[in-house]
>>> print(open('final34.txt').read())   # compact mmCIF, C-alpha atoms
# COMPACT_ATOMS: atom_id res chain seq x y z
CA MET A 1297 0.00 0.00 0.00
CA GLU A 1298 1.19 3.48 -0.80
CA MET A 1299 1.91 5.50 2.31
CA GLN A 1300 0.11 8.83 2.42
CA SER A 1301 1.60 11.78 4.22
CA PHE A 1302 -0.29 12.80 7.36
CA ASN A 1303 -0.87 16.52 7.77
CA PRO A 1304 -2.01 17.36 11.29
CA PRO A 1305 -4.86 19.88 11.51
CA PRO A 1306 -3.69 23.45 12.05
CA THR A 1307 -3.80 24.57 15.64
CA ALA A 1308 -5.67 27.72 16.61
CA ASP A 1309 -3.54 30.82 17.04
CA PRO A 1310 -3.46 31.59 20.79
CA ASN A 1311 -2.85 35.26 19.98
CA ALA A 1312 -5.63 35.61 17.40
CA ILE A 1313 -7.73 37.93 19.56
CA LEU A 1314 -4.75 40.11 20.47
CA ASN A 1315 -3.76 40.40 16.79
CA ASP A 1316 -7.30 41.35 15.81
CA CYS A 1317 -7.39 44.01 18.52
CA ARG A 1318 -4.09 45.49 17.35
CA ASP A 1319 -5.33 45.57 13.76
CA ILE A 1320 -8.53 47.37 14.78
CA GLU A 1321 -6.50 49.91 16.76
CA ARG A 1322 -4.27 50.58 13.75
CA THR A 1323 -7.33 51.18 11.58
CA LEU A 1324 -8.76 53.57 14.18
CA ARG A 1325 -5.51 55.54 14.27
CA ASP A 1326 -5.62 55.84 10.48
CA ILE A 1327 -9.21 57.10 10.63
CA GLU A 1328 -8.23 59.71 13.21
CA SER A 1329 -5.15 60.98 11.43
CA SER A 1330 -6.56 60.86 7.91
CA ASN A 1331 -10.32 60.64 7.48
CA LEU A 1332 -11.41 62.82 10.38
CA GLN A 1333 -8.82 65.48 9.65
CA GLN A 1334 -9.88 65.66 6.01
CA ILE A 1335 -13.56 65.74 6.97
CA ASN A 1336 -12.94 68.70 9.27
CA THR A 1337 -11.00 70.53 6.53
CA LEU A 1338 -13.70 69.96 3.92
CA GLN A 1339 -16.42 71.10 6.30
CA GLN A 1340 -14.58 74.38 6.90
CA GLN A 1341 -14.17 74.87 3.16
CA ILE A 1342 -17.89 74.37 2.58
CA LEU A 1343 -18.84 76.83 5.31
CA GLN A 1344 -16.50 79.48 3.94
CA SER A 1345 -17.21 78.96 0.25
CA PRO A 1346 -19.75 81.18 -1.57
CA ASP A 1347 -20.68 78.11 -3.62
CA THR A 1348 -23.25 76.33 -1.46
CA SER A 1349 -24.25 73.80 -4.10
CA SER A 1350 -24.27 70.16 -3.02
CA ASN A 1351 -22.53 69.38 -6.33
CA SER A 1352 -19.49 71.50 -5.51
CA GLN A 1353 -16.15 69.71 -5.33
CA PRO A 1354 -15.73 70.01 -1.52
CA ALA A 1355 -19.31 68.85 -0.96
CA LEU A 1356 -18.87 65.77 -3.15
CA GLN A 1357 -15.54 64.93 -1.52
CA LEU A 1358 -17.05 65.31 1.94
CA GLU A 1359 -19.98 63.05 1.11
CA ALA A 1360 -17.67 60.33 -0.25
CA LEU A 1361 -15.28 60.55 2.71
CA VAL A 1362 -18.03 60.44 5.34
CA SER A 1363 -19.58 57.44 3.56
CA GLU A 1364 -16.22 55.65 3.52
CA THR A 1365 -15.67 56.37 7.21
CA MET A 1366 -19.12 55.09 8.11
CA GLN A 1367 -18.44 51.87 6.23
CA GLN A 1368 -15.21 51.45 8.19
CA TYR A 1369 -17.07 52.00 11.46
CA THR A 1370 -19.64 49.38 10.47
CA SER A 1371 -16.93 46.88 9.52
CA LEU A 1372 -15.03 47.46 12.78
CA THR A 1373 -18.22 47.05 14.80
CA ASP A 1374 -18.87 43.69 13.11
CA ARG A 1375 -15.28 42.58 13.79
CA LEU A 1376 -15.57 43.54 17.44
CA ARG A 1377 -18.83 41.60 17.69
CA ARG A 1378 -17.10 38.48 16.35
CA ILE A 1379 -14.20 38.96 18.76
CA LYS A 1380 -16.52 39.30 21.74
CA GLY A 1381 -18.34 36.17 20.66
CA LYS A 1382 -15.23 34.01 21.14
CA PRO A 1383 -15.08 31.92 24.34
CA ASP A 1384 -11.77 33.38 25.59
CA ALA A 1385 -12.58 37.03 24.80
CA LYS A 1386 -13.03 37.80 28.51
CA SER A 1387 -10.02 35.89 29.76
CA SER A 1388 -7.40 37.66 31.85
CA LYS A 1389 -5.11 37.67 28.82
CA ASN A 1390 -7.55 39.05 26.24
CA GLY A 1391 -10.21 40.85 28.27
CA PRO A 1392 -8.33 44.14 28.88
CA HIS A 1393 -7.39 44.44 25.18
CA VAL A 1394 -10.95 43.80 24.02
CA GLU A 1395 -12.28 46.42 26.44
CA ARG A 1396 -9.69 48.96 25.26
CA VAL A 1397 -10.60 48.40 21.61
CA ASP A 1398 -14.29 48.79 22.48
CA PHE A 1399 -13.52 52.11 24.20
CA ARG A 1400 -11.35 53.33 21.31
CA LEU A 1401 -13.99 52.48 18.72
CA ARG A 1402 -16.60 54.44 20.65
CA GLN A 1403 -14.15 57.32 21.06
CA VAL A 1404 -13.29 57.59 17.36
CA MET A 1405 -16.94 57.22 16.35
CA ASN A 1406 -17.82 60.00 18.77
CA GLN A 1407 -15.23 62.26 17.11
CA LEU A 1408 -17.12 62.06 13.82
CA GLN A 1409 -20.37 62.63 15.68
CA VAL A 1410 -18.93 65.82 17.21
CA LEU A 1411 -17.67 67.04 13.83
CA GLU A 1412 -21.04 66.44 12.22
CA SER A 1413 -22.88 68.14 15.08
CA GLN A 1414 -20.64 71.22 14.93
CA PHE A 1415 -20.98 71.34 11.14
CA ARG A 1416 -24.76 71.16 11.43
CA ASN A 1417 -24.86 73.98 13.99
CA ARG A 1418 -22.65 76.21 11.84
CA MET A 1419 -24.90 75.63 8.84
CA ARG A 1420 -27.99 76.40 10.87
CA GLU A 1421 -26.38 79.67 11.99
CA GLN A 1422 -25.76 80.55 8.35
CA MET A 1423 -29.38 79.80 7.52
CA GLU A 1424 -30.54 82.06 10.35
CA ARG A 1425 -28.45 84.91 8.98
CA GLN A 1426 -29.81 84.30 5.49
CA PHE A 1427 -33.40 84.41 6.75
CA ARG A 1428 -32.78 87.68 8.55
CA ILE A 1429 -31.59 89.15 5.26
CA VAL A 1430 -35.00 88.31 3.79
CA ARG A 1431 -36.98 89.31 6.90
CA PRO A 1432 -34.94 91.60 9.19
CA GLU A 1433 -37.97 92.15 11.43
CA ALA A 1434 -38.44 88.41 12.14
CA SER A 1435 -38.46 87.31 15.77
CA ASP A 1436 -36.15 84.64 17.16
CA ASP A 1437 -39.00 82.12 17.19
CA GLU A 1438 -39.80 82.82 13.54
CA VAL A 1439 -36.16 82.43 12.57
CA ARG A 1440 -35.91 79.16 14.48
CA ALA A 1441 -39.07 77.83 12.87
CA ALA A 1442 -37.77 78.75 9.41
CA VAL A 1443 -34.48 76.94 9.98
CA GLU A 1444 -36.21 73.83 11.32
CA ASP A 1445 -38.62 73.77 8.38
CA THR A 1446 -36.96 71.32 6.00
CA SER A 1447 -39.64 71.85 3.34
CA GLY A 1448 -38.59 75.49 2.80
CA GLN A 1449 -42.17 76.75 2.84
CA ILE A 1450 -41.47 79.38 5.49
CA PHE A 1451 -38.59 80.77 3.41
CA SER A 1452 -40.80 80.80 0.33
CA GLN A 1453 -43.50 82.73 2.15
CA ALA A 1454 -40.90 85.18 3.43
CA LEU A 1455 -39.76 85.75 -0.15
CA MET A 1456 -43.28 86.65 -1.21
CA GLN A 1457 -43.44 89.25 1.55
CA SER A 1458 -39.93 90.64 1.05
CA ASP A 1459 -39.09 93.81 -0.81
CA ARG A 1460 -35.67 92.44 -1.77
CA ARG A 1461 -36.82 89.97 -4.41
CA GLY A 1462 -33.55 89.71 -6.33
CA GLN A 1463 -31.46 89.14 -3.24
CA SER A 1464 -34.08 86.85 -1.77
CA GLN A 1465 -33.94 84.46 -4.73
CA ALA A 1466 -30.21 83.94 -4.19
CA VAL A 1467 -30.80 83.47 -0.48
CA LEU A 1468 -33.48 80.85 -1.16
CA ARG A 1469 -31.11 78.82 -3.36
CA ARG A 1470 -28.46 78.84 -0.63
CA VAL A 1471 -31.03 77.83 1.96
CA GLU A 1472 -32.22 74.95 -0.19
CA ASP A 1473 -28.62 73.77 -0.62
CA ARG A 1474 -28.07 73.96 3.12
CA ASN A 1475 -31.26 72.01 3.73
CA ARG A 1476 -29.98 69.20 1.56
CA GLU A 1477 -26.67 69.20 3.44
CA LEU A 1478 -28.51 69.13 6.75
CA ALA A 1479 -30.55 66.15 5.58
CA LYS A 1480 -27.32 64.27 4.79
CA ILE A 1481 -25.89 65.14 8.19
CA GLU A 1482 -29.04 63.91 9.92
CA ARG A 1483 -28.84 60.58 8.06
CA ASP A 1484 -25.18 60.16 9.01
CA MET A 1485 -25.88 60.93 12.66
CA LEU A 1486 -28.72 58.41 12.68
CA ARG A 1487 -26.35 55.77 11.30
CA LEU A 1488 -23.81 56.64 14.00
CA ALA A 1489 -26.50 56.40 16.66
CA GLN A 1490 -27.43 52.95 15.33
CA LEU A 1491 -23.81 51.81 15.55
CA PHE A 1492 -23.61 53.02 19.14
CA GLN A 1493 -26.81 51.12 19.82
CA ASP A 1494 -25.29 47.99 18.25
CA LEU A 1495 -22.32 48.28 20.60
CA GLU A 1496 -24.63 48.61 23.60
CA THR A 1497 -26.70 45.63 22.43
CA MET A 1498 -23.49 43.68 22.01
CA VAL A 1499 -22.61 44.28 25.67
CA VAL A 1500 -26.09 43.26 26.84
CA GLN A 1501 -26.01 40.07 24.78
CA GLN A 1502 -22.58 39.23 26.11
CA ASP A 1503 -23.74 39.76 29.69
CA GLU A 1504 -26.75 37.54 29.02
CA ALA A 1505 -24.48 34.84 27.60
CA VAL A 1506 -22.24 35.05 30.69
CA ALA A 1507 -25.31 34.88 32.94
CA GLN A 1508 -26.55 31.79 31.08
CA ILE A 1509 -23.16 30.14 31.44
CA GLU A 1510 -23.14 30.93 35.16
CA GLN A 1511 -26.68 29.60 35.48
CA LYS A 1512 -25.72 26.39 33.68
CA GLY A 1513 -22.71 26.09 35.99
CA ASP A 1514 -24.94 26.46 39.05
CA GLU A 1515 -27.32 23.85 37.65
CA ILE A 1516 -24.42 21.46 37.06
CA VAL A 1517 -23.19 21.99 40.61
CA ASP A 1518 -26.70 21.39 41.96
CA ASN A 1519 -27.08 18.26 39.83
CA LEU A 1520 -23.71 16.98 40.98
CA GLY A 1521 -24.70 17.60 44.58
CA LYS A 1522 -27.98 15.77 44.13
CA GLY A 1523 -26.16 12.98 42.30
CA ASN A 1524 -23.68 12.62 45.16
CA GLU A 1525 -26.55 12.48 47.64
CA GLN A 1526 -28.20 9.75 45.60
CA VAL A 1527 -24.93 7.82 45.37
CA VAL A 1528 -24.41 8.04 49.14
CA ALA A 1529 -28.00 6.91 49.74
CA ALA A 1530 -27.54 4.01 47.31
CA VAL A 1531 -24.30 2.97 49.03
CA ASN A 1532 -25.94 3.07 52.44
CA THR A 1533 -28.89 1.07 51.13
CA ALA A 1534 -26.54 -1.48 49.58
CA ARG A 1535 -24.60 -1.80 52.83
CA LYS A 1536 -27.80 -2.33 54.82
CA THR A 1537 -28.99 -4.87 52.26
CA ARG A 1538 -25.71 -6.78 52.41
CA LYS A 1539 -25.81 -6.71 56.21
CA LYS A 1540 -29.31 -8.17 56.21
CA LYS A 1541 -28.22 -10.84 53.73
CA TRP A 1542 -25.32 -11.86 55.99
CA ILE A 1543 -27.66 -11.99 59.01
CA CYS A 1544 -30.09 -14.18 57.09
CA LEU A 1545 -27.27 -16.37 55.87
CA GLY A 1546 -26.01 -16.80 59.43
CA ILE A 1547 -29.47 -17.75 60.67
CA VAL A 1548 -29.89 -20.29 57.87
CA GLY A 1549 -26.44 -21.72 58.62
CA ARG A 1550 -27.28 -22.16 62.29
CA LEU A 1551 -30.55 -23.83 61.42
CA ILE A 1552 -28.80 -26.22 59.09
CA LEU A 1553 -26.12 -26.96 61.69
CA HIS A 1554 -28.73 -27.49 64.38
CA SER A 1555 -30.78 -29.72 62.11
CA SER A 1556 -27.72 -31.84 61.22
CA THR A 1557 -26.74 -32.22 64.87
CA GLY A 1558 -30.27 -33.27 65.78
CA ARG A 1559 -30.34 -35.99 63.09
CA SER A 1560 -26.96 -37.28 64.22
CA MET A 1561 -28.13 -37.69 67.82
CA ILE A 1562 -31.25 -39.54 66.70
CA SER A 1563 -29.17 -41.90 64.57
CA PHE A 1564 -26.77 -42.59 67.47
CA ARG A 1565 -29.64 -43.41 69.85
CA PHE A 1566 -31.17 -45.71 67.23
CA LEU A 1567 -27.93 -47.65 66.95
CA LEU A 1568 -27.73 -48.12 70.71
CA ILE A 1569 -31.22 -49.65 70.76
>>> encode(input="final34.txt", output="structure tokens")
Amino acid sequence: MEMQSFNPPPTADPNAILNDCRDIERTLRDIESSNLQQINTLQQQILQSPDTSSNSQPALQLEALVSETMQQYTSLTDRLRRIKGKPDAKSSKNGPHVERVDFRLRQVMNQLQVLESQFRNRMREQMERQFRIVRPEASDDEVRAAVEDTSGQIFSQALMQSDRRGQSQAVLRRVEDRNRELAKIERDMLRLAQLFQDLETMVVQQDEAVAQIEQKGDEIVDNLGKGNEQVVAAVNTARKTRKKKWICLGIVGRLILHSSTGRSMISFRFLLI
């Protein structure tokens, strides 16, 4: 027979979790030093540029970069979920690293959330100034309502009542552009909020899994205790049973011996007669 070479199955890498954590941390550092810095720069350019169109070069670059960053956050969240699902993720060796990566992911995600929030507030301030150009006599409540009106109807009505029709048309276009940008920011912030929620759900699920394991462990201990009690009871019962058997056997033996002795005496007396 031809001998076939035996290839043993590959053994699991004992440092797999640590390596995954280091790789996630490297990716987070790249996001901080590259993506977030560029996002901040593009946001400042958009706020300072007279071109408020969503098709401007900075606006298109910002949209693509934020989308790429969100995809990275989603991918890292999925990787962290898989890491936390491994049996030894909470061991003394791996647990501190997993917790640090979880904290770092939240931290870097929060940085984008802060940038988006500041960008949104700056755009809203610009829209308030634009509305006051159209209606200088507007109250603070009217200005706030106009900015929060994503349909643009309040701005349109203000245009109809304004004496500065030519300037108001340009203002309306800028406001519409800003409304579209605000809608994108709101969608991105909702996605970030969902990722944060996924991380929280991940922790809850992990705690539930640990609780189930602990519950199973308690049940096993209880079952072992009950099993030991049953074994002890069975042993005691067996000992008592054996003791009774020996007592019975001794009684039977004495009866047999007594019966044999009695027959012998009768035989001896018969011979004498």
>>> closest_residue(input="final34.txt", among="A:Arg1487, A:Arg1431, A:Arg1474, A:Lys1480", to="Pro1346 in chain A", atoms="only C-alpha atoms")
A:Arg1474
>>> residues_around(input="final34.txt", residues="Gln1334 in chain A", least_positions_apart="5", cutoff="9 Å", atoms="only C-alpha atoms", output="PyMOL selection string")
chain A and resi 1329+1339+1358+1361
>>> atom_distance(input="final34.txt", atom1="CA of Asp1445 in chain A", atom2="CA of Leu1332 in chain A")
29.4 Å
>>> residues_near_point(input="final34.txt", point="(-16.5, 48.3, 10.6)", cutoff="12 Å", atoms="all atoms listed in the file", output="ChimeraX atom specification")
/A:1319-1321,1323-1324,1327,1363-1378,1401-1402,1404-1405,1488,1491,1494-1495
>>> closest_residue(input="final34.txt", among="A:His1393, A:Arg1322, A:Lys1386, A:Arg1420", to="Glu1472 in chain A", atoms="only C-alpha atoms")
A:Arg1420
>>> residues_around(input="final34.txt", residues="Val1439 in chain A", least_positions_apart="5", cutoff="8 Å", atoms="all atoms listed in the file", output="number ranges by chain")
A: 1424, 1427-1428, 1434
>>> atom_distance(input="final34.txt", atom1="CA of Gln1407 in chain A", atom2="CA of Pro1354 in chain A")
20.2 Å
>>> closest_residue(input="final34.txt", among="A:Asp1484, A:Phe1492, A:Val1467, A:Cys1317", to="Glu1395 in chain A", atoms="all atoms listed in the file")
A:Cys1317
>>> residues_around(input="final34.txt", residues="range 1313-1315 of chain A", least_positions_apart="3", cutoff="9 Å", atoms="only C-alpha atoms", output="MDAnalysis selection string")
chainID A and resid 1309:1310 1318:1320 1379 1382 1384:1385 1389:1390 1393:1394
>>> residues_near_point(input="final34.txt", point="(-25.0, 71.9, -4.9)", cutoff="9 Å", atoms="all atoms listed in the file", output="mmCIF file with C-alpha atoms, in the frame of the given file")
data_model
loop_
_atom_site.group_PDB
_atom_site.id
_atom_site.type_symbol
_atom_site.label_atom_id
_atom_site.label_comp_id
_atom_site.auth_asym_id
_atom_site.auth_seq_id
_atom_site.Cartn_x
_atom_site.Cartn_y
_atom_site.Cartn_z
ATOM 1 C CA ASP A 1347 -20.680 78.110 -3.620
ATOM 2 C CA THR A 1348 -23.250 76.330 -1.460
ATOM 3 C CA SER A 1349 -24.250 73.800 -4.100
ATOM 4 C CA SER A 1350 -24.270 70.160 -3.020
ATOM 5 C CA ASN A 1351 -22.530 69.380 -6.330
ATOM 6 C CA SER A 1352 -19.490 71.500 -5.510
ATOM 7 C CA ALA A 1355 -19.310 68.850 -0.960
ATOM 8 C CA LEU A 1356 -18.870 65.770 -3.150
ATOM 9 C CA ARG A 1470 -28.460 78.840 -0.630
ATOM 10 C CA ASP A 1473 -28.620 73.770 -0.620
ATOM 11 C CA ARG A 1474 -28.070 73.960 3.120
ATOM 12 C CA ARG A 1476 -29.980 69.200 1.560
ATOM 13 C CA GLU A 1477 -26.670 69.200 3.440
#
>>> atom_distance(input="final34.txt", atom1="CA of Asn1311 in chain A", atom2="CA of Arg1400 in chain A")
20.0 Å
>>> residues_around(input="final34.txt", residues="range 1412-1418 of chain A", least_positions_apart="6", cutoff="9 Å", atoms="only C-alpha atoms", output="ChimeraX atom specification")
/A:1336,1339-1340,1343,1477-1478,1481-1482,1484-1485
>>> decode(input="final34.txt", residues="range 1335-1386 of chain A", atoms="C-alpha atoms", output="short mmCIF file (atom, residue, chain, number, x, y, z; two decimals), in the first residue's frame")
data_model
loop_
_atom_site.label_atom_id
_atom_site.label_comp_id
_atom_site.auth_asym_id
_atom_site.auth_seq_id
_atom_site.Cartn_x
_atom_site.Cartn_y
_atom_site.Cartn_z
CA ILE A 1335 -13.56 65.74 6.97
CA ASN A 1336 -12.94 68.70 9.27
CA THR A 1337 -11.00 70.53 6.53
CA LEU A 1338 -13.70 69.96 3.92
CA GLN A 1339 -16.42 71.10 6.30
CA GLN A 1340 -14.58 74.38 6.90
CA GLN A 1341 -14.17 74.87 3.16
CA ILE A 1342 -17.89 74.37 2.58
CA LEU A 1343 -18.84 76.83 5.31
CA GLN A 1344 -16.50 79.48 3.94
CA SER A 1345 -17.21 78.96 0.25
CA PRO A 1346 -19.75 81.18 -1.57
CA ASP A 1347 -20.68 78.11 -3.62
CA THR A 1348 -23.25 76.33 -1.46
CA SER A 1349 -24.25 73.80 -4.10
CA SER A 1350 -24.27 70.16 -3.02
CA ASN A 1351 -22.53 69.38 -6.33
CA SER A 1352 -19.49 71.50 -5.51
CA GLN A 1353 -16.15 69.71 -5.33
CA PRO A 1354 -15.73 70.01 -1.52
CA ALA A 1355 -19.31 68.85 -0.96
CA LEU A 1356 -18.87 65.77 -3.15
CA GLN A 1357 -15.54 64.93 -1.52
CA LEU A 1358 -17.05 65.31 1.94
CA GLU A 1359 -19.98 63.05 1.11
CA ALA A 1360 -17.67 60.33 -0.25
CA LEU A 1361 -15.28 60.55 2.71
CA VAL A 1362 -18.03 60.44 5.34
CA SER A 1363 -19.58 57.44 3.56
CA GLU A 1364 -16.22 55.65 3.52
CA THR A 1365 -15.67 56.37 7.21
CA MET A 1366 -19.12 55.09 8.11
CA GLN A 1367 -18.44 51.87 6.23
CA GLN A 1368 -15.21 51.45 8.19
CA TYR A 1369 -17.07 52.00 11.46
CA THR A 1370 -19.64 49.38 10.47
CA SER A 1371 -16.93 46.88 9.52
CA LEU A 1372 -15.03 47.46 12.78
CA THR A 1373 -18.22 47.05 14.80
CA ASP A 1374 -18.87 43.69 13.11
CA ARG A 1375 -15.28 42.58 13.79
CA LEU A 1376 -15.57 43.54 17.44
CA ARG A 1377 -18.83 41.60 17.69
CA ARG A 1378 -17.10 38.48 16.35
CA ILE A 1379 -14.20 38.96 18.76
CA LYS A 1380 -16.52 39.30 21.74
CA GLY A 1381 -18.34 36.17 20.66
CA LYS A 1382 -15.23 34.01 21.14
CA PRO A 1383 -15.08 31.92 24.34
CA ASP A 1384 -11.77 33.38 25.59
CA ALA A 1385 -12.58 37.03 24.80
CA LYS A 1386 -13.03 37.80 28.51
#
